[in-house]
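**Q** Before I ask anything, let me first share the structure, which is written out below as structure tokens.
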Amino acid sequence: MNDRDNKVHDETPTTTLKSHQDLALNKTLNDTLKDRFFEVSIDLLCYLRFDGYFQNLNPAWERTLGFSIAELKAKPFIEFVHPDDREATLNQNRRVRAGQQALAFENRYLCKDGSFRWLLWNAAADYQHDVIFSVARDITARKAAEQENENLLEELRAALAEVKSLKEIIPICSYCRQVRDDENYWQTVETYVATQTKAKFSHGICPSCYTEHVKPALDERKRKQALKKKP
């Protein structure tokens with residue numbers, strides 16, 4: 001055996017030991033990063049056991065719902081779901097345990113103060129450990145904005161319907177100014193508009209009518225009162 005062979009033989013155990021140390025260090029670092037990711041994630045991360053109980057949840061759950069991790073793990077998950085969403089949620093849970101994935105599934109979760117928050121879910125099952133890995137995002141603000149937009153659209157549809165009804169030809173009497181409705185009944189303009197739209201009337205007196213009708217009547221009343229006061 002020459003000197004070169006002796007050198008290789010001497011360095012091999014040291015190199016192997018260093019490689020094992022590097023692998024162990026990398027594994028420790030990766031595990032630490034995974035734990036940190038779980039801890040600092042803004043989204044709600046969890047492992048849900050197949051028996052319906054949470055196995056682990058990250059701190060975002062406490063920040064979002066107000067319940068402690070221990071409180072969330074103490075009850076079946078379905079007890080935190082809004083009653084109106086439970087059937088759909090259980091059906092989705094069964095599909096995931098059967099091998100499908102939950103993609104953009106929405107439901108409402110109970111908060112400790114009694115309110116509910118909308119969550120958007122993605123989930124998949126791990127059959128090796130009998131758990132479902134899930135990530136949920138709080139979309140309550142988005143749902144409120146969507147509802148507000150829907151309300152505005154509904155108001156706009158109602159307003160357009162009123163405009164459409166008022167654009168139609170309205171039969172009105174040339175003498176008494178009453179309007180004929182769709183059932184051939186004659187009504188005052190106020191009654192017709194009130195039944196066809198949501199508009200309400202606020203009565204007043206225009207300047208022309210005041211000058212032509214109201215003022216002469218008031219002047220005549222004052223004249224008569226003045227005559228009564230004379231001896």
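Labeling convention for the structure tokens: chains A, B, ... as they appear, residues from 1 per chain, ligands from 1 in order of appearance.
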Write out as a ChimeraX atom specification all residues of region 21-187 of chain A that backbone DSSP assigns to helix (DSSP H, G or I).
**A** /A:21-40,60-65,69-74,77-80,83-97,140-167
**Q** Check the smallest atom-to-atom distance from each of A:Gly52, A:Gln101, A:Thr188, A:Tyr210 to Glu79 (chain A) using only C-alpha atoms, then report the winner.
**A**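 Nearest to Glu79 (chain A): A:Gly52.
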**Q** Nearest to Ala98 (chain A): which of A:Gly66, A:Leu110, A:Phe50, A:Arg137 is it, counting only C-alpha atoms?
**A**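 Ranked by minimum distance to Ala98 (chain A), first place goes to A:Phe50.
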**Q** Find, counting only C-alpha atoms, the residue in A:Ala124, A:Ala88, A:Cys206, A:Leu45 that gets nearest to Trp61 (chain A).
**A** A:Leu45
**Q** Between CA of Asp85 (chain A) and CA of Asp138 (chain A), measure the distance and give it in Å to one decimal.
**A**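 Answer for the CA of Asp85 (chain A) to CA of Asp138 (chain A) separation: 15.8 Å.
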**Q** Report the residues of region 60-195 of chain A whose backbone DSSP state falls under strand (DSSP E), written as a ChimeraX atom specification.
**A** /A:102-110,116-126,131-138,179-180,186-187
**Q** Could you dump the residues just selected with C-alpha atoms as a tab-separated table (two decimals), in the first residue's frame?
**A**
```tsv
chain	number	residue	atom	x	y	z
A	102	ALA	CA	-61.30	20.03	-0.79
A	103	LEU	CA	-60.63	23.00	-3.06
A	104	ALA	CA	-62.00	26.46	-2.21
A	105	PHE	CA	-64.68	25.03	0.09
A	106	GLU	CA	-66.47	27.71	2.13
A	107	ASN	CA	-68.20	27.53	5.52
A	108	ARG	CA	-68.70	29.58	8.67
A	109	TYR	CA	-66.94	28.95	11.98
A	110	LEU	CA	-68.05	30.05	15.44
A	116	PHE	CA	-69.26	33.66	12.85
A	117	ARG	CA	-66.44	34.07	10.36
A	118	TRP	CA	-66.28	32.78	6.80
A	119	LEU	CA	-63.39	30.41	6.02
A	120	LEU	CA	-62.10	29.24	2.64
A	121	TRP	CA	-60.63	25.71	2.78
A	122	ASN	CA	-58.15	23.53	0.89
A	123	ALA	CA	-57.58	20.05	2.32
A	124	ALA	CA	-56.22	16.58	1.56
A	125	ALA	CA	-56.07	13.32	3.51
A	126	ASP	CA	-52.97	11.46	4.77
A	131	VAL	CA	-55.46	12.79	9.38
A	132	ILE	CA	-56.59	15.54	7.04
A	133	PHE	CA	-54.10	18.32	6.40
A	134	SER	CA	-55.98	21.58	5.92
A	135	VAL	CA	-55.34	25.25	5.32
A	136	ALA	CA	-58.12	27.81	5.76
A	137	ARG	CA	-58.24	31.54	5.05
A	138	ASP	CA	-60.51	34.08	6.71
A	179	VAL	CA	-104.98	57.86	-14.18
A	180	ARG	CA	-106.32	54.52	-15.43
A	186	TRP	CA	-109.26	55.30	-12.35
A	187	GLN	CA	-107.00	56.63	-9.61
```
**Q** Of the candidates A:Ile69, A:His213, A:Thr64, A:Ile172, which one gets nearest to Thr140 (chain A) if we count only C-alpha atoms?
**A**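 Residue with the minimum atom-to-atom distance to Thr140 (chain A): A:Thr64.
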